[in-house]
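Listing of structure_32.txt; format and content: compact mmCIF, C-alpha atoms and all ligand atoms.
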```
# COMPACT_ATOMS: atom_id res chain seq x y z
CA MET C 7 -9.20 -74.37 47.51
CA GLN C 8 -12.59 -73.93 45.95
CA LEU C 9 -12.98 -73.18 42.26
CA ASP C 10 -14.28 -69.68 41.77
CA LEU C 11 -17.89 -69.06 40.94
CA ASP C 12 -18.74 -67.17 37.79
CA PRO C 13 -21.71 -64.84 38.45
CA HIS C 14 -22.52 -65.08 34.73
CA SER C 15 -22.93 -68.84 34.86
CA PHE C 16 -26.45 -68.73 36.33
CA ALA C 17 -29.54 -68.60 34.12
CA SER C 18 -31.98 -67.61 36.84
CA LEU C 19 -32.19 -66.34 40.42
CA ALA C 20 -33.53 -69.76 41.41
CA ASP C 21 -30.30 -71.32 40.11
CA VAL C 22 -28.20 -68.90 42.15
CA GLU C 23 -30.30 -69.54 45.26
CA ARG C 24 -29.94 -73.31 44.82
CA GLU C 25 -26.17 -72.97 44.62
CA ALA C 26 -26.04 -70.61 47.62
CA SER C 27 -28.26 -72.85 49.75
CA THR C 28 -25.46 -75.39 50.24
CA CYS C 29 -22.56 -72.93 50.10
CA THR C 30 -19.39 -73.68 52.07
CA ARG C 31 -17.18 -71.00 50.47
CA CYS C 32 -16.38 -69.41 53.86
CA GLY C 33 -16.45 -70.20 57.55
CA LEU C 34 -19.86 -68.59 58.08
CA ALA C 35 -21.29 -71.86 56.73
CA ASP C 36 -20.27 -73.54 60.01
CA THR C 37 -22.33 -71.27 62.25
CA ARG C 38 -25.34 -70.27 60.14
CA THR C 39 -28.82 -71.67 60.69
CA ARG C 40 -30.15 -70.69 57.25
CA VAL C 41 -28.67 -69.12 54.15
CA VAL C 42 -30.43 -65.77 53.71
CA PHE C 43 -30.40 -65.36 49.96
CA GLY C 44 -32.80 -62.56 49.06
CA VAL C 45 -36.48 -61.74 48.84
CA GLY C 46 -38.90 -59.80 46.68
CA ASP C 47 -39.74 -59.21 43.06
CA PRO C 48 -37.11 -60.88 40.82
CA GLY C 49 -37.86 -58.24 38.18
CA ALA C 50 -37.84 -55.27 40.56
CA ASP C 51 -36.74 -51.83 39.39
CA LEU C 52 -35.50 -51.05 42.90
CA MET C 53 -33.07 -53.27 44.78
CA PHE C 54 -31.72 -52.86 48.32
CA VAL C 55 -28.40 -54.28 49.46
CA GLY C 56 -27.74 -54.59 53.20
CA GLU C 57 -24.80 -55.97 55.12
CA GLY C 58 -25.62 -59.44 56.36
CA PRO C 59 -28.27 -61.38 58.22
CA GLY C 60 -28.84 -60.86 61.93
CA GLU C 61 -30.31 -63.29 64.41
CA GLN C 62 -33.93 -63.14 63.19
CA GLU C 63 -32.90 -63.36 59.54
CA ASP C 64 -30.66 -66.35 60.27
CA ARG C 65 -33.63 -68.07 61.92
CA GLN C 66 -36.23 -67.22 59.29
CA GLY C 67 -34.09 -67.33 56.14
CA GLU C 68 -35.31 -63.90 54.96
CA PRO C 69 -33.42 -60.58 54.90
CA PHE C 70 -34.48 -57.64 57.05
CA VAL C 71 -37.18 -59.23 59.18
CA GLY C 72 -35.93 -57.99 62.58
CA ARG C 73 -36.15 -54.46 64.01
CA ALA C 74 -33.97 -52.95 61.29
CA GLY C 75 -36.14 -54.74 58.77
CA GLN C 76 -39.29 -53.22 60.18
CA LEU C 77 -37.75 -49.79 59.75
CA LEU C 78 -36.68 -50.66 56.20
CA THR C 79 -40.26 -51.72 55.44
CA ARG C 80 -41.56 -48.39 56.77
CA LEU C 81 -39.03 -46.44 54.70
CA ILE C 82 -40.07 -48.39 51.58
CA GLU C 83 -43.73 -47.70 52.33
CA GLY C 84 -42.86 -44.04 52.87
CA ILE C 85 -42.06 -43.73 49.17
CA GLY C 86 -45.29 -45.41 48.14
CA LEU C 87 -43.96 -48.95 47.58
CA THR C 88 -44.17 -52.27 49.43
CA ARG C 89 -41.60 -54.98 50.11
CA ASP C 90 -43.24 -57.01 47.34
CA ASP C 91 -42.38 -54.28 44.81
CA VAL C 92 -38.64 -54.38 45.50
CA TYR C 93 -35.83 -56.91 45.84
CA ILE C 94 -33.79 -57.12 49.05
CA ALA C 95 -30.42 -58.83 49.44
CA ASN C 96 -27.27 -58.59 51.53
CA VAL C 97 -23.52 -58.47 50.94
CA VAL C 98 -23.09 -61.74 52.86
CA LYS C 99 -25.79 -64.39 52.88
CA CYS C 100 -24.90 -66.00 56.21
CA ARG C 101 -24.95 -64.46 59.67
CA PRO C 102 -21.60 -63.46 61.12
CA PRO C 103 -21.60 -64.90 64.67
CA GLY C 104 -22.70 -62.40 67.31
CA ASN C 105 -23.52 -59.92 64.53
CA ARG C 106 -19.88 -59.01 64.08
CA ASP C 107 -18.87 -57.26 60.85
CA PRO C 108 -18.28 -59.55 57.88
CA ASN C 109 -14.56 -59.81 57.13
CA PRO C 110 -12.98 -59.15 53.70
CA ALA C 111 -12.55 -62.88 52.91
CA GLU C 112 -16.24 -63.55 53.67
CA ILE C 113 -17.34 -60.58 51.57
CA GLU C 114 -15.18 -61.76 48.66
CA ALA C 115 -16.40 -65.37 48.95
CA CYS C 116 -20.03 -64.23 48.80
CA ARG C 117 -19.56 -61.60 46.12
CA PRO C 118 -20.43 -63.82 43.11
CA TYR C 119 -23.91 -64.40 44.58
CA LEU C 120 -24.57 -60.67 44.94
CA GLU C 121 -23.17 -59.97 41.48
CA ALA C 122 -25.43 -62.66 40.01
CA GLN C 123 -28.43 -61.19 41.85
CA LEU C 124 -27.66 -57.70 40.53
CA ARG C 125 -27.26 -59.04 36.99
CA LEU C 126 -30.45 -61.13 37.02
CA VAL C 127 -32.74 -58.68 38.84
CA ALA C 128 -31.24 -55.88 36.72
CA PRO C 129 -32.78 -53.06 38.79
CA ARG C 130 -32.81 -49.47 37.56
CA VAL C 131 -31.94 -48.20 41.01
CA VAL C 132 -29.78 -49.87 43.68
CA VAL C 133 -29.93 -48.54 47.24
CA THR C 134 -26.97 -49.58 49.39
CA LEU C 135 -27.74 -49.70 53.10
CA GLY C 136 -24.71 -48.67 55.14
CA ASN C 137 -20.97 -48.82 54.72
CA PHE C 138 -20.39 -52.43 53.71
CA ALA C 139 -22.68 -52.52 50.69
CA THR C 140 -21.72 -48.98 49.67
CA LYS C 141 -17.96 -49.53 49.84
CA LEU C 142 -18.23 -52.84 48.00
CA LEU C 143 -20.49 -51.73 45.16
CA LEU C 144 -19.09 -48.23 44.71
CA ASP C 145 -15.54 -49.48 45.21
CA THR C 146 -14.84 -46.55 47.50
CA LYS C 147 -13.23 -46.02 50.87
CA GLN C 148 -15.45 -43.01 51.59
CA GLY C 149 -17.76 -43.40 54.55
CA ILE C 150 -21.52 -43.52 54.20
CA THR C 151 -22.08 -40.08 55.75
CA LYS C 152 -19.99 -38.53 52.94
CA VAL C 153 -21.78 -40.24 50.05
CA ARG C 154 -25.35 -40.82 51.27
CA GLY C 155 -28.26 -39.40 49.32
CA ARG C 156 -26.30 -38.89 46.11
CA GLU C 157 -26.78 -40.67 42.79
CA PHE C 158 -23.86 -42.61 41.36
CA PRO C 159 -23.74 -44.31 37.96
CA PHE C 160 -23.78 -48.09 38.39
CA GLY C 161 -23.55 -49.76 34.99
CA VAL C 162 -26.84 -48.88 33.33
CA ALA C 163 -28.39 -48.33 36.75
CA VAL C 164 -28.14 -45.63 39.40
CA LEU C 165 -26.82 -46.32 42.90
CA VAL C 166 -28.01 -44.32 45.90
CA PRO C 167 -26.22 -44.99 49.20
CA THR C 168 -28.09 -44.47 52.44
CA LEU C 169 -27.60 -45.12 56.14
CA HIS C 170 -28.08 -48.64 57.42
CA PRO C 171 -31.46 -48.94 59.20
CA SER C 172 -29.68 -50.37 62.29
CA ALA C 173 -27.58 -47.19 62.47
CA VAL C 174 -30.76 -45.13 62.16
CA LEU C 175 -32.34 -47.14 65.00
CA ARG C 176 -29.26 -46.50 67.15
CA SER C 177 -28.97 -42.79 66.41
CA GLY C 178 -32.59 -41.74 65.69
CA GLY C 179 -33.49 -38.07 65.13
CA THR C 180 -31.60 -36.52 62.26
CA THR C 181 -30.52 -39.85 60.81
CA LEU C 182 -34.13 -40.92 60.29
CA ALA C 183 -34.80 -37.68 58.40
CA GLN C 184 -31.66 -38.29 56.34
CA ALA C 185 -32.69 -41.86 55.48
CA ARG C 186 -36.16 -40.64 54.47
CA ALA C 187 -34.61 -37.98 52.24
CA ASP C 188 -32.31 -40.58 50.62
CA PHE C 189 -35.31 -42.81 49.86
CA VAL C 190 -36.95 -39.87 48.11
CA VAL C 191 -33.80 -39.49 45.98
CA ALA C 192 -34.08 -43.17 45.03
CA ARG C 193 -37.79 -42.82 44.28
CA ARG C 194 -37.12 -39.84 42.03
CA ALA C 195 -34.40 -41.75 40.15
CA LEU C 196 -36.90 -44.55 39.65
CA THR C 197 -39.54 -42.37 38.10
CA ARG C 198 -37.15 -40.70 35.68
CA PRO C 199 -37.59 -41.94 32.09
CA VAL C 200 -35.16 -44.68 31.05
CA PRO C 201 -32.53 -43.17 28.70
CA PRO C 202 -32.68 -44.65 25.18
CA VAL C 203 -30.24 -47.48 24.50
CA PRO C 204 -27.70 -46.22 21.93
CA PRO C 205 -27.62 -48.19 18.66
CA GLU C 206 -24.88 -50.85 18.37
CA ALA C 207 -21.73 -49.60 16.65
N1 LIG Q 1 -29.10 -56.08 58.65
C1 LIG Q 1 -28.69 -56.34 57.39
O1 LIG Q 1 -27.76 -55.74 56.88
N2 LIG Q 1 -29.32 -57.27 56.71
C2 LIG Q 1 -30.35 -57.96 57.20
O2 LIG Q 1 -30.88 -58.80 56.50
C3 LIG Q 1 -30.77 -57.65 58.50
C4 LIG Q 1 -30.14 -56.71 59.22
```

Any chance you could give the structure as structure tokens?
Amino acid sequence: MQLDLDPHSFASLADVEREASTCTRCGLADTRTRVVFGVGDPGADLMFVGEGPGEQEDRQGEPFVGRAGQLLTRLIEGIGLTRDDVYIANVVKCRPPGNRDPNPAEIEACRPYLEAQLRLVAPRVVVTLGNFATKLLLDTKQGITKVRGREFPFGVAVLVPTLHPSAVLRSGGTTLAQARADFVVARRALTRPVPPVPPEA
């Protein structure tokens, strides 16, 4: 049994990435090619959280570089930003074989890495891509179609769930328009002035 990892124990994203790079906390370690930690601006105001690496990501060691990634890039550019302006991570850092869904034990094992990323990037807006990231971070059982495009308080940040780009690629049409609309919600939340920090009691 592995000792648990404290997401607060890391001083920098580089420290978290170093730890994750040799991770054997779950069985996905046996089948991965590369650990896909995260990419982008470590001080980004906007952070995306997907589900887990696919085949291309597993090969290249970078999140969202396959077809779904190309769509994500276009959606980011659609709100006037680039991939370099944001930070992109996943719920699980290693590819589930055959692109199956990550299981609860794998999600739990990987959770300290995501929590550390959220704490150290400290974005103002978090966009969850699809059901896995949304259910985990919002701690809800509600499906993505019920909650997408709305703003939820997330610590001092705002969380906006949207459809997973792979689902948009599969369904097309209306779902693409919905994803675009959700990105506009995130963009608007980003441009809103930061509320003043209340004085310490
Ligand atoms: N789908 C995801 O959820 N994450 C990736 O990195 C790629 C595809």

At a cut-off of 9 Å around ligand LIG 1 (chain Q), and using only C-alpha atoms and all ligand atoms, what residues come up? Please write them as a ChimeraX atom specification. /C:42,44,55-64,68-75,94-99,101,105,135-136,138-139,170-172

Pick out the closest residue to Val174 in chain C from this set: C:Thr140, C:Gln66, C:Gln76, C:Thr28. Count all atoms listed in the file.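 So, comparing all the options, the nearest one is C:Gln76.
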
I want to know what sits within 7 Å of range 191-200 of chain C, based on all atoms listed in the file, with residues of the same chain fewer than 6 positions away left out; could you give that as a list in words? Ile85, Arg130, Val131, Gly155 and Val166 of chain C

Closest of C:Lys141, C:Arg176, C:Lys152, C:Arg80 to Phe189 in chain C, counting all atoms listed in the file, is C:Arg80

Please produce, as a tab-separated table, a per-residue contact table for range 79-113 of chain C versus range 47-52 of chain C (criterion: any atom at most 8 Å away, all atoms listed in the file considered), showing the nearest atom pair and its distance in Å to one decimal, sorted by chain then residue number.
```
residue	atom	partner	partner_atom	distance
C:Asp90	CA	C:Asp47	CA	6.0
C:Asp91	CA	C:Asp47	CA	5.9
C:Val92	CA	C:Ala50	CA	5.1
C:Tyr93	CA	C:Asp47	CA	5.3
```

Would you export the selected residues with C-alpha atoms as a CSV table (one decimal), in the frame of the given file, please?
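Heads up, here's the output in again_32.csv:
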```
chain,number,residue,atom,x,y,z
C,90,ASP,CA,-43.2,-57.0,47.3
C,91,ASP,CA,-42.4,-54.3,44.8
C,92,VAL,CA,-38.6,-54.4,45.5
C,93,TYR,CA,-35.8,-56.9,45.8
```

Selected residue, from C:Leu81, C:Val22, C:Leu142, C:Leu87, that lies nearest to Pro108 in chain C when counting all atoms listed in the file: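 Using all atoms listed in the file, Pro108 in chain C sits closest to C:Leu142.
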
For range 34-40 of chain C, list every protein, DNA or RNA residue within 7 Å, evaluated using only C-alpha atoms, and leave out those in the same chain fewer than 5 positions away; present the list as a PDB file with C-alpha atoms, in the coordinates of the input.
```
ATOM      1  CA  CYS C  29     -22.560 -72.930  50.100  1.00  0.00           C
ATOM      2  CA  ASP C  64     -30.660 -66.350  60.270  1.00  0.00           C
ATOM      3  CA  ARG C  65     -33.630 -68.070  61.920  1.00  0.00           C
ATOM      4  CA  GLY C  67     -34.090 -67.330  56.140  1.00  0.00           C
ATOM      5  CA  CYS C 100     -24.900 -66.000  56.210  1.00  0.00           C
ATOM      6  CA  ARG C 101     -24.950 -64.460  59.670  1.00  0.00           C
ATOM      7  CA  PRO C 102     -21.600 -63.460  61.120  1.00  0.00           C
ATOM      8  CA  PRO C 103     -21.600 -64.900  64.670  1.00  0.00           C
TER       9      PRO C 103
END
```

With distances taken over only C-alpha atoms, which of C:Pro118, C:Asp12, C:Met53, C:Leu124 is nearest to Pro167 in chain C? C:Met53

Counting all atoms listed in the file, what is within 10 Å of Ala122 in chain C, bar same-chain residues fewer than 5 positions away, as a list of chain:residue names? C:Leu11, C:Asp12, C:Pro13, C:His14, C:Ser15, C:Phe16, C:Ala17, C:Ser18, C:Leu19, C:Asp21, C:Val22, C:Glu23, C:Arg117, C:Val127, C:Ala128

Go ahead and compute the interatomic distance for CA of Thr168 in chain C and CA of Ala20 in chain C, in Å to one decimal. 28.1 Å
